[in-house]
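Working notes, beginning with the structure itself.
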Amino acid sequence: MASQDDTLRQLMLAAQAGDQHAYARLLHECQAWLTRYFTRRIPPSQIDDLVQDTLISVHRKRASYDGARAFLPWLAAIGRYRWIDHLRKVYRANETGLDDALHAAPQDDIVVDSLSIDALLQQIPAPQAEVIRLVKIAGYSIAEAATRTGQSESLVKVNIHRGIRRMSALIEEV
């Protein structure tokens with residue numbers, strides 16, 4: 001993996017310097033890597049769209065890449081954020097949860113359960129889960145969530161940040 005990371009890092013550096021052929025190759029390699037990354041996380045019918053959305057994010061964020069650091073963790077972070085955004089969209093579109101939207105094979109029931117937003121929210125502290133439900137899922141403002149929960153606005157923000165970070169860690173464990 002280190003050699004792949006070095007290759008991708010060199011391609012990104014060349015692309016940042018204006019080498020269009022290196023950039024095209026980088027996007028091709030990223031597409032293959034992202035397809036493998038998302039394969040066990042979402043239904044096959046949704047992979048191409050999510051890969052393309054992620055590649056657009058890579059394109060937009062390419063100037064922020066620091067060549068002194070490894071490339072794959074940078075790419076994985078972008079992929080993870082796009083995946084979480086995708087899960088939010090699926091969850092909002094299907095109020096019964098993600099289980100119906102994720103058509104995994106029967107042996108992947110553990111993966112499906114762990115990806116369920118409700119299951120993730122049950123694994124974090126209740127104050128964090130409550131404000132995430134209010135702000136990120138139901139669409140309340142920080143001030144409204146603070147009023148409803150009795151938490152300060154600062155604490156609502158901290159709980160959202162910590163809860164999402166913990167949920168991301170739980171997803172990464174899958």
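Each chain in the structure tokens gets a letter, A, B and so on, in the order shown; residues start at 1 in every chain, and ligands are counted from 1 in the order they appear.
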
Every residue of stretch 27-91 of chain A that DSSP places in alpha helix (DSSP H), as an mmCIF file with C-alpha atoms, in the first residue's frame:
```
data_model
loop_
_atom_site.group_PDB
_atom_site.id
_atom_site.type_symbol
_atom_site.label_atom_id
_atom_site.label_comp_id
_atom_site.auth_asym_id
_atom_site.auth_seq_id
_atom_site.Cartn_x
_atom_site.Cartn_y
_atom_site.Cartn_z
ATOM 1 C CA LEU A 27 -8.324 10.359 -11.296
ATOM 2 C CA HIS A 28 -8.385 6.909 -12.920
ATOM 3 C CA GLU A 29 -6.451 5.389 -9.983
ATOM 4 C CA CYS A 30 -8.635 7.219 -7.462
ATOM 5 C CA GLN A 31 -11.753 5.957 -9.212
ATOM 6 C CA ALA A 32 -10.563 2.355 -8.886
ATOM 7 C CA TRP A 33 -9.597 2.834 -5.230
ATOM 8 C CA LEU A 34 -12.870 4.560 -4.341
ATOM 9 C CA THR A 35 -14.908 1.849 -6.072
ATOM 10 C CA ARG A 36 -13.231 -0.751 -3.857
ATOM 11 C CA TYR A 37 -13.676 1.503 -0.797
ATOM 12 C CA PHE A 38 -17.425 1.942 -1.330
ATOM 13 C CA THR A 39 -18.173 -1.623 -2.484
ATOM 14 C CA PRO A 44 -23.735 -1.604 -6.113
ATOM 15 C CA SER A 45 -26.277 0.549 -7.965
ATOM 16 C CA GLN A 46 -25.167 3.621 -5.989
ATOM 17 C CA ILE A 47 -21.396 3.178 -6.204
ATOM 18 C CA ASP A 48 -20.775 4.978 -9.506
ATOM 19 C CA ASP A 49 -22.651 8.110 -8.428
ATOM 20 C CA LEU A 50 -20.857 8.235 -5.084
ATOM 21 C CA VAL A 51 -17.465 7.683 -6.734
ATOM 22 C CA GLN A 52 -18.170 10.523 -9.168
ATOM 23 C CA ASP A 53 -19.301 12.840 -6.352
ATOM 24 C CA THR A 54 -16.117 12.007 -4.463
ATOM 25 C CA LEU A 55 -13.934 12.640 -7.516
ATOM 26 C CA ILE A 56 -15.583 16.041 -7.901
ATOM 27 C CA SER A 57 -14.692 16.761 -4.265
ATOM 28 C CA VAL A 58 -11.110 15.614 -4.909
ATOM 29 C CA HIS A 59 -10.990 17.977 -7.881
ATOM 30 C CA ARG A 60 -12.289 20.884 -5.812
ATOM 31 C CA LYS A 61 -9.937 20.151 -2.889
ATOM 32 C CA PHE A 71 -2.176 10.670 -0.236
ATOM 33 C CA LEU A 72 -4.478 7.745 0.617
ATOM 34 C CA PRO A 73 -5.532 9.039 4.061
ATOM 35 C CA TRP A 74 -6.402 12.361 2.398
ATOM 36 C CA LEU A 75 -8.450 10.546 -0.258
ATOM 37 C CA ALA A 76 -10.076 8.277 2.348
ATOM 38 C CA ALA A 77 -11.129 11.290 4.422
ATOM 39 C CA ILE A 78 -12.831 12.878 1.414
ATOM 40 C CA GLY A 79 -14.461 9.549 0.583
ATOM 41 C CA ARG A 80 -15.668 9.116 4.139
ATOM 42 C CA TYR A 81 -17.258 12.592 4.214
ATOM 43 C CA ARG A 82 -18.989 12.019 0.874
ATOM 44 C CA TRP A 83 -20.185 8.597 2.108
ATOM 45 C CA ILE A 84 -21.653 10.127 5.273
ATOM 46 C CA ASP A 85 -23.390 12.793 3.156
ATOM 47 C CA HIS A 86 -24.745 9.990 0.985
ATOM 48 C CA LEU A 87 -26.052 8.123 4.049
ATOM 49 C CA ARG A 88 -27.794 11.285 5.243
ATOM 50 C CA LYS A 89 -29.535 11.677 1.881
ATOM 51 C CA VAL A 90 -30.627 8.042 1.875
ATOM 52 C CA TYR A 91 -31.842 8.298 5.468
#
```

Per residue of stretch 32-151 of chain A within 12 Å of stretch 158-169 of chain A, note the shortest atom pair and the distance in Å to one decimal, counting only C-alpha atoms, and order the rows by chain and increasing residue number, as JSON lines.
```
{"residue": "A:Ala77", "atom": "CA", "partner": "A:Ser168", "partner_atom": "CA", "distance": 10.3}
{"residue": "A:Gly79", "atom": "CA", "partner": "A:Ser168", "partner_atom": "CA", "distance": 11.8}
{"residue": "A:Arg80", "atom": "CA", "partner": "A:Ser168", "partner_atom": "CA", "distance": 8.1}
{"residue": "A:Tyr81", "atom": "CA", "partner": "A:Ser168", "partner_atom": "CA", "distance": 9.0}
{"residue": "A:Arg82", "atom": "CA", "partner": "A:Ser168", "partner_atom": "CA", "distance": 11.9}
{"residue": "A:Trp83", "atom": "CA", "partner": "A:Ser168", "partner_atom": "CA", "distance": 10.2}
{"residue": "A:Ile84", "atom": "CA", "partner": "A:Ser168", "partner_atom": "CA", "distance": 8.2}
{"residue": "A:Asp85", "atom": "CA", "partner": "A:Ile164", "partner_atom": "CA", "distance": 11.7}
{"residue": "A:Leu87", "atom": "CA", "partner": "A:Ser168", "partner_atom": "CA", "distance": 11.7}
{"residue": "A:Arg88", "atom": "CA", "partner": "A:Ile164", "partner_atom": "CA", "distance": 11.9}
{"residue": "A:Ser114", "atom": "CA", "partner": "A:Met167", "partner_atom": "CA", "distance": 9.9}
{"residue": "A:Leu115", "atom": "CA", "partner": "A:Met167", "partner_atom": "CA", "distance": 9.5}
{"residue": "A:Ser116", "atom": "CA", "partner": "A:Met167", "partner_atom": "CA", "distance": 10.6}
{"residue": "A:Ile117", "atom": "CA", "partner": "A:Met167", "partner_atom": "CA", "distance": 8.8}
{"residue": "A:Asp118", "atom": "CA", "partner": "A:Met167", "partner_atom": "CA", "distance": 10.7}
{"residue": "A:Ala119", "atom": "CA", "partner": "A:Met167", "partner_atom": "CA", "distance": 9.8}
{"residue": "A:Leu120", "atom": "CA", "partner": "A:Met167", "partner_atom": "CA", "distance": 6.0}
{"residue": "A:Leu121", "atom": "CA", "partner": "A:Met167", "partner_atom": "CA", "distance": 7.4}
{"residue": "A:Gln122", "atom": "CA", "partner": "A:Met167", "partner_atom": "CA", "distance": 9.9}
{"residue": "A:Gln123", "atom": "CA", "partner": "A:Met167", "partner_atom": "CA", "distance": 8.0}
{"residue": "A:Ile124", "atom": "CA", "partner": "A:Gly163", "partner_atom": "CA", "distance": 6.4}
{"residue": "A:Pro125", "atom": "CA", "partner": "A:Gly163", "partner_atom": "CA", "distance": 7.7}
{"residue": "A:Ala126", "atom": "CA", "partner": "A:Gly163", "partner_atom": "CA", "distance": 9.5}
{"residue": "A:Pro127", "atom": "CA", "partner": "A:Asn159", "partner_atom": "CA", "distance": 7.0}
{"residue": "A:Gln128", "atom": "CA", "partner": "A:Asn159", "partner_atom": "CA", "distance": 4.7}
{"residue": "A:Ala129", "atom": "CA", "partner": "A:Gly163", "partner_atom": "CA", "distance": 6.7}
{"residue": "A:Glu130", "atom": "CA", "partner": "A:Ile160", "partner_atom": "CA", "distance": 9.0}
{"residue": "A:Val131", "atom": "CA", "partner": "A:Ile160", "partner_atom": "CA", "distance": 6.3}
{"residue": "A:Ile132", "atom": "CA", "partner": "A:Ile160", "partner_atom": "CA", "distance": 5.5}
{"residue": "A:Arg133", "atom": "CA", "partner": "A:Ile160", "partner_atom": "CA", "distance": 9.3}
{"residue": "A:Leu134", "atom": "CA", "partner": "A:Ile160", "partner_atom": "CA", "distance": 9.9}
{"residue": "A:Val135", "atom": "CA", "partner": "A:Ile160", "partner_atom": "CA", "distance": 8.3}
{"residue": "A:Lys136", "atom": "CA", "partner": "A:Ile160", "partner_atom": "CA", "distance": 8.5}
{"residue": "A:Ile137", "atom": "CA", "partner": "A:Ile160", "partner_atom": "CA", "distance": 11.5}
{"residue": "A:Ile142", "atom": "CA", "partner": "A:Ile160", "partner_atom": "CA", "distance": 9.8}
{"residue": "A:Ala145", "atom": "CA", "partner": "A:Ile160", "partner_atom": "CA", "distance": 10.7}
{"residue": "A:Ala146", "atom": "CA", "partner": "A:Asn159", "partner_atom": "CA", "distance": 10.9}
{"residue": "A:Thr149", "atom": "CA", "partner": "A:Asn159", "partner_atom": "CA", "distance": 11.6}
{"residue": "A:Gln151", "atom": "CA", "partner": "A:Asn159", "partner_atom": "CA", "distance": 9.6}
```

Filtering to N, CA and C atoms, could you give me those residues as a compact mmCIF listing (two decimals), in the first residue's frame?
```txt
# COMPACT_ATOMS: atom_id res chain seq x y z
N ALA A 77 -10.35 10.31 3.65
CA ALA A 77 -11.13 11.29 4.42
C ALA A 77 -12.20 11.93 3.55
N GLY A 79 -13.50 10.62 0.85
CA GLY A 79 -14.46 9.55 0.58
C GLY A 79 -15.40 9.32 1.74
N ARG A 80 -14.84 9.34 2.95
CA ARG A 80 -15.67 9.12 4.14
C ARG A 80 -16.70 10.24 4.30
N TYR A 81 -16.31 11.48 4.09
CA TYR A 81 -17.26 12.59 4.21
C TYR A 81 -18.36 12.50 3.15
N ARG A 82 -17.99 12.15 1.93
CA ARG A 82 -18.99 12.02 0.87
C ARG A 82 -19.93 10.85 1.18
N TRP A 83 -19.38 9.76 1.74
CA TRP A 83 -20.19 8.60 2.11
C TRP A 83 -21.19 8.96 3.20
N ILE A 84 -20.76 9.70 4.20
CA ILE A 84 -21.65 10.13 5.27
C ILE A 84 -22.75 11.04 4.71
N ASP A 85 -22.38 11.95 3.80
CA ASP A 85 -23.39 12.79 3.16
C ASP A 85 -24.39 11.93 2.39
N LEU A 87 -25.20 8.80 3.07
CA LEU A 87 -26.05 8.12 4.05
C LEU A 87 -27.14 9.05 4.57
N ARG A 88 -26.79 10.31 4.78
CA ARG A 88 -27.79 11.29 5.24
C ARG A 88 -28.91 11.44 4.22
N SER A 114 -24.68 -2.10 11.18
CA SER A 114 -23.74 -1.10 11.70
C SER A 114 -23.82 0.20 10.94
N LEU A 115 -24.34 0.16 9.70
CA LEU A 115 -24.46 1.39 8.92
C LEU A 115 -25.76 2.13 9.19
N SER A 116 -26.68 1.48 9.83
CA SER A 116 -27.95 2.12 10.11
C SER A 116 -27.71 3.33 11.01
N ILE A 117 -28.24 4.44 10.62
CA ILE A 117 -28.07 5.66 11.40
C ILE A 117 -28.61 5.46 12.81
N ASP A 118 -29.77 4.82 12.91
CA ASP A 118 -30.35 4.61 14.23
C ASP A 118 -29.43 3.76 15.10
N ALA A 119 -28.86 2.72 14.50
CA ALA A 119 -27.95 1.86 15.26
C ALA A 119 -26.72 2.64 15.70
N LEU A 120 -26.23 3.50 14.82
CA LEU A 120 -25.07 4.32 15.19
C LEU A 120 -25.41 5.30 16.31
N LEU A 121 -26.58 5.91 16.20
CA LEU A 121 -26.98 6.88 17.22
C LEU A 121 -27.18 6.23 18.58
N GLN A 122 -27.55 4.96 18.58
CA GLN A 122 -27.73 4.25 19.85
C GLN A 122 -26.39 3.91 20.51
N GLN A 123 -25.32 3.99 19.75
CA GLN A 123 -24.01 3.63 20.28
C GLN A 123 -23.21 4.82 20.79
N ILE A 124 -23.80 6.00 20.72
CA ILE A 124 -23.11 7.18 21.25
C ILE A 124 -23.92 7.71 22.43
N PRO A 125 -23.32 8.57 23.25
CA PRO A 125 -24.06 9.10 24.40
C PRO A 125 -25.36 9.79 23.99
N ALA A 126 -26.38 9.63 24.80
CA ALA A 126 -27.72 10.15 24.50
C ALA A 126 -27.74 11.65 24.18
N PRO A 127 -27.02 12.52 24.95
CA PRO A 127 -27.06 13.94 24.61
C PRO A 127 -26.52 14.23 23.21
N GLN A 128 -25.50 13.48 22.79
CA GLN A 128 -24.94 13.66 21.45
C GLN A 128 -25.93 13.18 20.39
N ALA A 129 -26.52 12.02 20.62
CA ALA A 129 -27.48 11.46 19.67
C ALA A 129 -28.70 12.39 19.51
N GLU A 130 -29.15 12.93 20.64
CA GLU A 130 -30.33 13.79 20.61
C GLU A 130 -30.11 15.04 19.75
N VAL A 131 -28.96 15.70 19.94
CA VAL A 131 -28.73 16.93 19.16
C VAL A 131 -28.41 16.61 17.70
N ILE A 132 -27.80 15.47 17.43
CA ILE A 132 -27.57 15.08 16.03
C ILE A 132 -28.91 14.83 15.34
N ARG A 133 -29.82 14.16 16.02
CA ARG A 133 -31.16 13.93 15.44
C ARG A 133 -31.86 15.26 15.16
N LEU A 134 -31.79 16.17 16.13
CA LEU A 134 -32.48 17.44 15.98
C LEU A 134 -31.88 18.31 14.87
N VAL A 135 -30.56 18.47 14.88
CA VAL A 135 -29.92 19.42 13.97
C VAL A 135 -29.64 18.80 12.60
N LYS A 136 -29.02 17.63 12.57
CA LYS A 136 -28.58 17.05 11.30
C LYS A 136 -29.66 16.27 10.57
N ILE A 137 -30.62 15.73 11.29
CA ILE A 137 -31.65 14.92 10.63
C ILE A 137 -32.97 15.70 10.53
N ILE A 142 -29.14 25.34 15.63
CA ILE A 142 -28.39 25.11 16.87
C ILE A 142 -29.16 25.72 18.04
N ALA A 145 -32.22 23.62 18.90
CA ALA A 145 -31.82 22.38 19.56
C ALA A 145 -31.40 22.66 21.00
N ALA A 146 -30.73 23.78 21.21
CA ALA A 146 -30.31 24.14 22.57
C ALA A 146 -31.53 24.35 23.47
N THR A 149 -33.28 20.93 24.22
CA THR A 149 -32.53 19.97 25.04
C THR A 149 -32.07 20.54 26.38
N GLN A 151 -29.42 22.29 26.63
CA GLN A 151 -27.97 22.45 26.51
C GLN A 151 -27.66 23.85 25.99
```

Checklist entry - Could you work out how far atom CA of A:Tyr23 lies from atom CA of A:Arg41, giving the answer in Å with one decimal? => result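 Interatomic distance, atom CA of A:Arg41 to atom CA of A:Tyr23: 26.7 Å.
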
Using only C-alpha atoms, the best pick from A:Ala70, A:Ile42, A:Val156, A:Ala63 as closest to A:Arg9 would be A:Ala70
